[in-house]
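The next block holds one structure in the form of structure tokens; read it before the comments.
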Amino acid sequence: MRNIELDRFQKEAINCAKNNNSVIVSAPTGAGKTLIAERIIEDSLKHDKRIIYTAPIKALSNQKFRDFSCKYPDKTGIVTGDVSINRTAPLLIMTTEIFRNTLLVESDSFKECDWIIFDEIHYLDDVERGTVWEESIILLPPEMKMLALSATIPNIDEFTDWLNKIHKVPIKNIIEPKRPVPLHFYFQCNNQIYNKLKDLKKAKLVKKNLKNPSYKEQYLFTKPNRLSTLLKNINTREWLPCLYFSFSRRRCEELAQEAASYDFLLPEEKEKINEFFATLLDKFDISSSYHVNSITALVKKGIAYHHAGLLPALKEIIERLFQTGLIKVIFTTETFALGVNMPAKTVVFDSLSKFYGRYHAYLKTRDFYQMAGRSGRRGIDEEGYVISRINSSHIDLESLEKIIYGRYEPIKSQLNSCYATILNLYNISGNKIFDIYPNSFHFHQSRGWQKKEMLNLIRRKIKLLKDLGYIEKGEISIKGELASRVYGFELTVGELFSNGFLLNCKEEDLFTLITSLVYEPRKGERRPKFNKKLKKTKKDMNRLMKYIHKKEKHFRISPLSKKFFFHLSDVCRLWIQGASLIDLNKVSTVDEGEIIRYFRMSIQVLREIKSSQAIPSDFKSEIRQCIEKVNRDEVNARKQLSQKI
């Protein structure tokens with residue numbers, strides 16, 4: 001690593017760090033931000049300093065753990081919601097949520113840490129999870145230095161100004177506007193490939209409505225964009241490997257099967273990939289996955305698909321195959337773009353709009369470049385190629401131009417502290433909790449009325465917590481202590497505890513209950529049939545949520561606490577009784593990767609409940625036995641992460 005010629009911005013960032021400054025780096029995807037983190041880690045470990053590395057998703061945390069474990073096998077640990085390995089290691093990889101949670105309840109454990117590295121710090125702008133990044137920054141120990149890595153941030157000066165106001169260690173921002181490998185944009189439209197946006201505009205693809213000239217232009221694209229045309233073009237121009245982004249799991253699979261009419265591999269490449277794939281399948285022992293057969297047939301042709309519905313181990317196998325260069329085309333959802341180091345020569349967008357959790361919209365420029373930036377491999381390609389498949393009924397050229405050539409969106413505070421955060425802060429500070437808000441990015445960005453409304457929201461949440469008995473006589477109660485452990489499900493678990501329902505649960509019922517609490521069904525998902533016992537439980541939980549929501553509405557708190565969804569009740573029962581993944585697939589239409597993900601989330605919540613002082617020892621034993629029965633085979637994240645590749 002020391003022999004690599006550093007770019008200007010990398011040298012500046014490393015020099016700032018050596019001078020005991022915190023550093024925020026704003027640079028395009030693929031520019032080489034990670035190298036800065038690696039150099040700081042190397043120097044810190046050399047001087048026996050401790051470092052925390054946080055990542056936004058578990059897949060990225062796992063990848064970083066594997067990468068750093070190869071370099072520093074005895075000095076690397078990981079703590080996520082799924083797994084804890086060597087948690088006292090000098091280099092500790094964490095998800096940002098776990099880091100925030102630890103700051104709230106065990107802040108002393110980070111006193112000896114020299115650096116915190118926030119990968120993908122622009123996640124602070126995420127509507128659902130951004131508050132976690134903001135809270136983590138606010139709660140940082142005063143002596144801890146920070147390296148924040150981000151895609152391009154247009155309001156970086158505002159962001160840096162906030163950080164300098166609230167932290168003892170001065171912070172410098174380092175900006176790199178250019179990519180080391182330039183991008184060239186192409187467009188497939190009317191089943192033709194256009195190499196410039198202006199050529200697309202010039203093409204005779206639209207005409208005015210002559211009867212009503214004031215009407216919007218009427219598009220005349222008559223030929224559908226064919227995948228065969230696109231792949232032939234990419235292959236002929238030698239633009240492989242290719243990352244093809246689609247925002248639908250089923251679409252990824254369908255496109256991969258359609259692409260299977262092509263064979264991208266030479267005989268010697270087939271032999272290599274078949275051997276490596278067989279080795280990985282044997283190591284991870286995932287023959288039970290119904291995706292294995294279809295992916296095996298695709299891999300033999302240099303094709304694969306990758307999405308959250310796959311088993312975590314199978315996703316990792318596909319990532320490893322792609323890193324060899326033997327997978328020439330991979331059809332994947334957007335999570336593949338988030339920090340996971342899988343660059344390609346070409347990136348294709350199946351669509352330029354997506355569902356943003358609450359609404360469907362055109363891609364933000366930042367999100368577009370998070371994915372597009374995966375094209376063009378540094379040191380290999382002179383240019384990266386980005387192809388957008390355009391459908392006139394879905395996007396107009398003005399919107400297309402805005403996505404590609406518009407300004408990056410500024411990051412905005414999404415502060416909305418959950419009940420657990422408020423309870424933990426109240427436990428530490430009491431009514432001085434309101435003195436913490438002026439340290440937030442929200443306070444720094446907001447106008448007077450917005451600041452007042454945020455303070456009122458915190459007050460209303462505290463009033464609700466007092467009304468329900470989570471705070472009593474100026475202190476958090478036993479119920480409040482339990483709720484402070486369970487992030488995201490505080491009131492539900494607290495009320496289940498106080499009404500006695502939780503402590504009366506046996507292993508199977510407990511697992512089903514918690515899985516139903518964390519589960520979020522996909523749109524149009526079929527509901528299972530419930531037996532008499534489960535119907536009663538469902539009725540009881542609906543009554544409980546109605547009570548909680550009534551209280552939240554009274555205190556004008558939103559979003560409301562999450563409801564129960566019992567769609568996985570059958571698979572929960574089978575799994576805790578010892579059934580295999582094959583058995584689960586027979587009774588459920590839910591993707592097996594989703595099932596594993598929610599089982600792991602359930603284990604995390606059960607561990608959080610078990611950590612509370614409110615839980616008696618006999619019920620802790622019940623929880624322990626429940627976790628042991630659930631955390632096996634494909635669910636066991638530690639088993640997957642312990643595999644040497």
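Ligands are numbered from 1 in the order shown, residues from 1 within each chain, and chains are lettered A, B, ... in the order they appear in the structure tokens.
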**OP:** Just the residues within 7 Å of segment 581-592 of chain A, please, counting only C-alpha atoms, with nothing from its chain fewer than 3 positions along; format it as a ChimeraX atom specification.
**Re:** /A:288,309-311,571,595-596
Subject >> All residues 10 Å or closer to Phe619 of chain A, only C-alpha atoms, same chain fewer than 3 positions away omitted, as a ChimeraX atom specification >> reply: /A:502-507,610,615-616,622-625
Go ahead and save the picked residues with C-alpha atoms, as a PDB file, in the first residue's frame.
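Saved file selection_9.pdb follows:
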```pdb
ATOM      1  CA  LEU A 502     -44.035 -11.002  27.484  1.00  0.00           C
ATOM      2  CA  LEU A 503     -42.930 -12.915  30.585  1.00  0.00           C
ATOM      3  CA  ASN A 504     -45.605 -15.580  30.026  1.00  0.00           C
ATOM      4  CA  CYS A 505     -44.289 -16.456  26.549  1.00  0.00           C
ATOM      5  CA  LYS A 506     -42.582 -19.786  25.931  1.00  0.00           C
ATOM      6  CA  GLU A 507     -39.836 -20.182  23.320  1.00  0.00           C
ATOM      7  CA  LYS A 610     -32.259 -10.135  27.642  1.00  0.00           C
ATOM      8  CA  ILE A 615     -35.953  -9.250  32.938  1.00  0.00           C
ATOM      9  CA  PRO A 616     -35.884 -11.937  35.679  1.00  0.00           C
ATOM     10  CA  GLU A 622     -36.018 -18.818  28.259  1.00  0.00           C
ATOM     11  CA  ILE A 623     -34.663 -16.166  25.885  1.00  0.00           C
ATOM     12  CA  ARG A 624     -31.230 -17.825  25.796  1.00  0.00           C
ATOM     13  CA  GLN A 625     -32.730 -21.184  24.846  1.00  0.00           C
TER      14      GLN A 625
END
```
With DSSP run on the backbone, what are the strand (DSSP E or B) residues within segment 88-142 of chain A? I'd like them as a PDB file with N, CA and C atoms, in the first residue's frame.
```
ATOM      1  N   LEU A  91      -8.839  -2.662  16.236  1.00  0.00           N
ATOM      2  CA  LEU A  91      -9.627  -2.199  15.090  1.00  0.00           C
ATOM      3  C   LEU A  91     -10.980  -2.891  15.149  1.00  0.00           C
ATOM      4  N   LEU A  92     -12.016  -2.112  15.429  1.00  0.00           N
ATOM      5  CA  LEU A  92     -13.352  -2.684  15.607  1.00  0.00           C
ATOM      6  C   LEU A  92     -14.294  -2.159  14.533  1.00  0.00           C
ATOM      7  N   ILE A  93     -14.867  -3.082  13.759  1.00  0.00           N
ATOM      8  CA  ILE A  93     -15.838  -2.743  12.719  1.00  0.00           C
ATOM      9  C   ILE A  93     -17.234  -2.806  13.330  1.00  0.00           C
ATOM     10  N   MET A  94     -18.055  -1.778  13.083  1.00  0.00           N
ATOM     11  CA  MET A  94     -19.401  -1.734  13.652  1.00  0.00           C
ATOM     12  C   MET A  94     -20.378  -1.149  12.638  1.00  0.00           C
ATOM     13  N   THR A  95     -21.648  -1.509  12.771  1.00  0.00           N
ATOM     14  CA  THR A  95     -22.669  -0.736  12.071  1.00  0.00           C
ATOM     15  C   THR A  95     -22.866   0.555  12.862  1.00  0.00           C
ATOM     16  N   CYS A 113     -10.253   5.147  22.407  1.00  0.00           N
ATOM     17  CA  CYS A 113     -10.258   5.152  20.935  1.00  0.00           C
ATOM     18  C   CYS A 113      -9.677   6.457  20.401  1.00  0.00           C
ATOM     19  N   ASP A 114      -8.768   6.332  19.461  1.00  0.00           N
ATOM     20  CA  ASP A 114      -8.123   7.504  18.873  1.00  0.00           C
ATOM     21  C   ASP A 114      -8.936   8.047  17.695  1.00  0.00           C
ATOM     22  N   TRP A 115      -9.514   7.124  16.905  1.00  0.00           N
ATOM     23  CA  TRP A 115     -10.230   7.523  15.686  1.00  0.00           C
ATOM     24  C   TRP A 115     -11.573   6.820  15.583  1.00  0.00           C
ATOM     25  N   ILE A 116     -12.539   7.524  15.015  1.00  0.00           N
ATOM     26  CA  ILE A 116     -13.786   6.938  14.524  1.00  0.00           C
ATOM     27  C   ILE A 116     -13.854   7.238  13.033  1.00  0.00           C
ATOM     28  N   ILE A 117     -14.086   6.201  12.246  1.00  0.00           N
ATOM     29  CA  ILE A 117     -14.214   6.372  10.794  1.00  0.00           C
ATOM     30  C   ILE A 117     -15.670   6.137  10.418  1.00  0.00           C
ATOM     31  N   PHE A 118     -16.305   7.154   9.846  1.00  0.00           N
ATOM     32  CA  PHE A 118     -17.679   7.032   9.348  1.00  0.00           C
ATOM     33  C   PHE A 118     -17.625   6.844   7.835  1.00  0.00           C
TER      34      PHE A 118
END
```
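One finds atom CA of Thr96 of chain A at 26.9 Å from atom CA of Ile478 of chain A.
In this model, the gap between atom CA of Trp449 of chain A and atom CA of Ile411 of chain A comes to 20.1 Å.
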**OP:** With a distance cut-off of 12 Å and only C-alpha atoms, select the neighbouring residues of Gly488 of chain A, excluding the residue or stretch itself and same-chain residues fewer than 2 positions from it, and output the selection as a PyMOL selection string.
**Re:** chain A and resi 97+101+128-129+132+416-422+483-486+490-494+517-518+559-563+601+604-605+608
Subject >> Shell of 10 Å around Tyr72 of chain A, only C-alpha atoms, local chain residues under 5 positions omitted, as a PyMOL selection string >> reply: chain A and resi 42+45+65-67+77+90-91
**OP:** Name all residues at most 12 Å from Ile557 of chain A (count only C-alpha atoms; drop same-chain ones fewer than 5 positions away) and give them as a PyMOL selection string.
**Re:** chain A and resi 416-419+453-454+456-465+548-552
Output for the residues just chosen: C-alpha atoms as a PDB file, in the first residue's frame:
```
ATOM      1  CA  ASN A 416     -35.935  12.321  14.920  1.00  0.00           C
ATOM      2  CA  SER A 417     -34.622  10.658  18.067  1.00  0.00           C
ATOM      3  CA  CYS A 418     -36.403   7.449  19.028  1.00  0.00           C
ATOM      4  CA  TYR A 419     -37.802   6.725  22.490  1.00  0.00           C
ATOM      5  CA  GLU A 453     -41.042  22.539  16.789  1.00  0.00           C
ATOM      6  CA  MET A 454     -38.187  20.042  17.318  1.00  0.00           C
ATOM      7  CA  ASN A 456     -41.667  20.649  21.338  1.00  0.00           C
ATOM      8  CA  LEU A 457     -41.508  17.193  19.734  1.00  0.00           C
ATOM      9  CA  ILE A 458     -38.890  16.081  22.277  1.00  0.00           C
ATOM     10  CA  ARG A 459     -41.058  17.511  25.081  1.00  0.00           C
ATOM     11  CA  ARG A 460     -44.118  15.653  23.779  1.00  0.00           C
ATOM     12  CA  LYS A 461     -42.190  12.373  23.636  1.00  0.00           C
ATOM     13  CA  ILE A 462     -41.011  12.856  27.226  1.00  0.00           C
ATOM     14  CA  LYS A 463     -44.588  13.649  28.321  1.00  0.00           C
ATOM     15  CA  LEU A 464     -45.785  10.444  26.662  1.00  0.00           C
ATOM     16  CA  LEU A 465     -43.028   8.427  28.356  1.00  0.00           C
ATOM     17  CA  ILE A 548     -50.213   2.806  21.913  1.00  0.00           C
ATOM     18  CA  HIS A 549     -51.221   4.630  18.723  1.00  0.00           C
ATOM     19  CA  LYS A 550     -54.011   6.437  20.552  1.00  0.00           C
ATOM     20  CA  LYS A 551     -51.461   7.741  23.053  1.00  0.00           C
ATOM     21  CA  GLU A 552     -49.014   8.756  20.301  1.00  0.00           C
TER      22      GLU A 552
END
```
Give me the residues within 10 Å of Leu140 of chain A as a compact mmCIF listing (two decimals) with N, CA and C atoms, in the first residue's frame, counting only C-alpha atoms and dropping any in the same chain fewer than 4 places off.
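Saved as out_14.txt:
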```
# COMPACT_ATOMS: atom_id res chain seq x y z
N PHE A 99 -22.84 1.42 17.05
CA PHE A 99 -21.94 2.43 17.60
C PHE A 99 -22.74 3.46 18.41
N ARG A 100 -23.85 3.96 17.83
CA ARG A 100 -24.69 4.94 18.54
C ARG A 100 -25.23 4.35 19.84
N LEU A 103 -22.56 4.16 22.48
CA LEU A 103 -22.25 5.50 23.01
C LEU A 103 -23.24 5.89 24.11
N LEU A 104 -24.48 5.50 23.95
CA LEU A 104 -25.52 5.89 24.90
C LEU A 104 -25.44 5.14 26.22
N SER A 107 -20.46 4.57 27.00
CA SER A 107 -19.57 5.53 26.34
C SER A 107 -18.12 5.40 26.81
N PHE A 110 -15.27 3.62 24.78
CA PHE A 110 -14.59 4.26 23.66
C PHE A 110 -13.57 5.31 24.11
N LYS A 111 -13.31 5.39 25.40
CA LYS A 111 -12.41 6.43 25.90
C LYS A 111 -11.00 6.31 25.33
N ILE A 116 -12.54 7.52 15.01
CA ILE A 116 -13.79 6.94 14.52
C ILE A 116 -13.85 7.24 13.03
N GLU A 135 -26.89 11.57 15.68
CA GLU A 135 -26.76 11.31 17.12
C GLU A 135 -25.37 10.79 17.46
N SER A 136 -24.81 9.95 16.60
CA SER A 136 -23.47 9.41 16.83
C SER A 136 -22.43 10.53 16.88
N MET A 144 -11.92 12.16 20.70
CA MET A 144 -11.87 11.24 19.57
C MET A 144 -11.81 12.00 18.25
N LYS A 145 -10.85 11.63 17.41
CA LYS A 145 -10.74 12.23 16.07
C LYS A 145 -11.67 11.48 15.12
N MET A 146 -12.13 12.18 14.10
CA MET A 146 -13.12 11.62 13.18
C MET A 146 -12.64 11.72 11.74
N ILE A 166 -19.21 21.93 17.46
CA ILE A 166 -19.60 21.01 18.54
C ILE A 166 -18.46 20.11 19.01
N HIS A 167 -17.31 20.13 18.30
CA HIS A 167 -16.23 19.23 18.68
C HIS A 167 -14.94 19.94 19.04
```
Original post:
Looking at only C-alpha atoms, which of A:Ile36, A:Leu415, A:Ile327, A:Leu240 is the one that sits closest to Thr131 of chain A?
Top reply: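 Ranked by minimum distance to Thr131 of chain A, first place goes to A:Leu415.
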Subject >> For Pro312 of chain A: contacts at 7 Å, only C-alpha atoms, fewer than 3 positions along chain excluded, given as a VMD selection string >> reply: chain A and resid 315 to 316 593
**OP:** Return the single residue from A:Asp467, A:Asp509, A:Asp119, A:Glu275 that is closest to Leu147 of chain A, with distances computed using only C-alpha atoms.
**Re:**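 Looking only at the distances to Leu147 of chain A, the closest residue turns out to be A:Asp119.
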**OP:** Could you tell me which of A:Ala614, A:Leu227, A:Leu265, A:Ile52 comes closest to Arg87 of chain A if we count only C-alpha atoms?
**Re:** A:Ile52
**OP:** Write out as an NGL selection string all residues of segment 102-255 of chain A that DSSP puts in alpha helix (DSSP H) for this structure's backbone.
**Re:** :A and (102-105 or 130-138 or 156-166 or 197-202 or 227-236 or 249-255)
Filtering to N, CA and C atoms, could you give me those residues as a compact mmCIF listing (two decimals), in the first residue's frame?
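This went into selection-v4.txt:
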```txt
# COMPACT_ATOMS: atom_id res chain seq x y z
N THR A 102 -24.06 1.96 21.66
CA THR A 102 -22.99 1.78 22.65
C THR A 102 -22.58 3.11 23.27
N LEU A 103 -22.56 4.16 22.48
CA LEU A 103 -22.25 5.50 23.01
C LEU A 103 -23.24 5.89 24.11
N LEU A 104 -24.48 5.50 23.95
CA LEU A 104 -25.52 5.89 24.90
C LEU A 104 -25.44 5.14 26.22
N VAL A 105 -25.01 3.88 26.17
CA VAL A 105 -25.04 3.07 27.41
C VAL A 105 -23.65 2.68 27.92
N GLY A 130 -31.03 8.41 9.00
CA GLY A 130 -30.07 9.50 9.12
C GLY A 130 -29.86 10.00 10.53
N THR A 131 -30.91 9.93 11.34
CA THR A 131 -30.81 10.40 12.73
C THR A 131 -29.73 9.67 13.51
N VAL A 132 -29.46 8.41 13.15
CA VAL A 132 -28.44 7.62 13.84
C VAL A 132 -27.05 8.23 13.65
N TRP A 133 -26.74 8.68 12.43
CA TRP A 133 -25.44 9.30 12.15
C TRP A 133 -25.32 10.62 12.92
N GLU A 134 -26.38 11.39 12.92
CA GLU A 134 -26.34 12.68 13.60
C GLU A 134 -26.16 12.51 15.10
N GLU A 135 -26.89 11.57 15.68
CA GLU A 135 -26.76 11.31 17.12
C GLU A 135 -25.37 10.79 17.46
N SER A 136 -24.81 9.95 16.60
CA SER A 136 -23.47 9.41 16.83
C SER A 136 -22.43 10.53 16.88
N ILE A 137 -22.55 11.48 15.96
CA ILE A 137 -21.61 12.60 15.91
C ILE A 137 -21.75 13.48 17.15
N ILE A 138 -23.00 13.75 17.55
CA ILE A 138 -23.25 14.60 18.73
C ILE A 138 -22.65 13.97 19.98
N ILE A 156 -20.81 21.12 1.95
CA ILE A 156 -19.78 20.61 2.87
C ILE A 156 -19.28 21.69 3.83
N ASP A 157 -19.26 22.95 3.40
CA ASP A 157 -18.82 24.03 4.30
C ASP A 157 -19.78 24.18 5.48
N GLU A 158 -21.08 24.09 5.20
CA GLU A 158 -22.08 24.16 6.26
C GLU A 158 -21.91 22.99 7.23
N PHE A 159 -21.68 21.81 6.67
CA PHE A 159 -21.51 20.59 7.46
C PHE A 159 -20.26 20.70 8.34
N THR A 160 -19.16 21.17 7.75
CA THR A 160 -17.90 21.31 8.49
C THR A 160 -18.02 22.36 9.58
N ASP A 161 -18.71 23.44 9.28
CA ASP A 161 -18.91 24.51 10.27
C ASP A 161 -19.64 23.97 11.50
N TRP A 162 -20.66 23.14 11.27
CA TRP A 162 -21.38 22.52 12.39
C TRP A 162 -20.45 21.63 13.22
N LEU A 163 -19.67 20.79 12.54
CA LEU A 163 -18.77 19.88 13.26
C LEU A 163 -17.75 20.64 14.09
N ASN A 164 -17.22 21.72 13.54
CA ASN A 164 -16.23 22.51 14.28
C ASN A 164 -16.84 23.19 15.51
N LYS A 165 -18.13 23.50 15.44
CA LYS A 165 -18.79 24.15 16.58
C LYS A 165 -19.02 23.21 17.75
N ILE A 166 -19.21 21.93 17.46
CA ILE A 166 -19.60 21.01 18.54
C ILE A 166 -18.46 20.11 19.01
N LEU A 197 -26.40 12.80 -24.99
CA LEU A 197 -27.76 13.23 -24.71
C LEU A 197 -28.29 14.12 -25.82
N LYS A 198 -27.41 14.95 -26.39
CA LYS A 198 -27.87 15.85 -27.46
C LYS A 198 -28.28 15.06 -28.70
N ASP A 199 -27.64 13.89 -28.93
CA ASP A 199 -28.05 13.05 -30.05
C ASP A 199 -29.43 12.47 -29.81
N LEU A 200 -29.72 12.18 -28.55
CA LEU A 200 -31.04 11.67 -28.19
C LEU A 200 -32.09 12.75 -28.42
N LYS A 201 -31.71 14.00 -28.10
CA LYS A 201 -32.63 15.12 -28.29
C LYS A 201 -32.88 15.38 -29.77
N LYS A 202 -31.83 15.24 -30.58
CA LYS A 202 -31.95 15.53 -32.01
C LYS A 202 -32.75 14.46 -32.75
N LEU A 227 -32.91 -6.33 -24.47
CA LEU A 227 -31.70 -6.65 -23.73
C LEU A 227 -30.65 -7.25 -24.65
N SER A 228 -31.08 -8.04 -25.62
CA SER A 228 -30.13 -8.67 -26.54
C SER A 228 -29.34 -7.62 -27.32
N THR A 229 -30.02 -6.56 -27.74
CA THR A 229 -29.33 -5.47 -28.45
C THR A 229 -28.29 -4.82 -27.56
N LEU A 230 -28.66 -4.58 -26.31
CA LEU A 230 -27.76 -3.93 -25.36
C LEU A 230 -26.54 -4.79 -25.07
N LEU A 231 -26.76 -6.07 -24.76
CA LEU A 231 -25.65 -6.95 -24.42
C LEU A 231 -24.72 -7.18 -25.60
N LYS A 232 -25.29 -7.29 -26.79
CA LYS A 232 -24.47 -7.45 -27.99
C LYS A 232 -23.56 -6.24 -28.17
N ASN A 233 -24.13 -5.06 -27.93
CA ASN A 233 -23.37 -3.81 -28.07
C ASN A 233 -22.23 -3.75 -27.05
N ILE A 234 -22.54 -4.09 -25.80
CA ILE A 234 -21.54 -4.05 -24.73
C ILE A 234 -20.43 -5.07 -24.99
N ASN A 235 -20.82 -6.26 -25.41
CA ASN A 235 -19.85 -7.33 -25.66
C ASN A 235 -18.95 -7.00 -26.85
N THR A 236 -19.55 -6.48 -27.92
CA THR A 236 -18.78 -6.14 -29.13
C THR A 236 -17.76 -5.06 -28.84
N ARG A 249 -36.33 -7.02 -7.44
CA ARG A 249 -35.68 -8.33 -7.31
C ARG A 249 -36.10 -9.27 -8.43
N ARG A 250 -37.42 -9.35 -8.65
CA ARG A 250 -37.91 -10.26 -9.68
C ARG A 250 -37.37 -9.87 -11.06
N ARG A 251 -37.29 -8.58 -11.29
CA ARG A 251 -36.76 -8.09 -12.57
C ARG A 251 -35.30 -8.51 -12.75
N CYS A 252 -34.52 -8.44 -11.68
CA CYS A 252 -33.12 -8.89 -11.75
C CYS A 252 -33.03 -10.34 -12.20
N GLU A 253 -33.88 -11.18 -11.62
CA GLU A 253 -33.87 -12.60 -11.96
C GLU A 253 -34.32 -12.83 -13.40
N GLU A 254 -35.37 -12.13 -13.80
CA GLU A 254 -35.89 -12.29 -15.16
C GLU A 254 -34.87 -11.85 -16.21
N LEU A 255 -34.21 -10.73 -15.95
CA LEU A 255 -33.20 -10.23 -16.88
C LEU A 255 -32.02 -11.19 -16.98
```
Subject >> Best match for closeness to Asn499 of chain A among A:Asn293, A:Met541, A:Glu475, A:Ala344, counting only C-alpha atoms >> reply: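 Among A:Asn293, A:Met541, A:Glu475, A:Ala344, it is A:Met541 that comes nearest to Asn499 of chain A.
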Original post:
So which one's closest to Asn274 of chain A, A:Ile609, A:Leu510, A:Ala313, A:Leu326? Using only C-alpha atoms, please.
Top reply: A:Leu326
Subject >> Separation of atom CA of Ser642 of chain A from atom CA of Asn86 of chain A in Å >> reply: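 Taking atom CA of Asn86 of chain A as the start and atom CA of Ser642 of chain A as the end point, the length is 11.9 Å.
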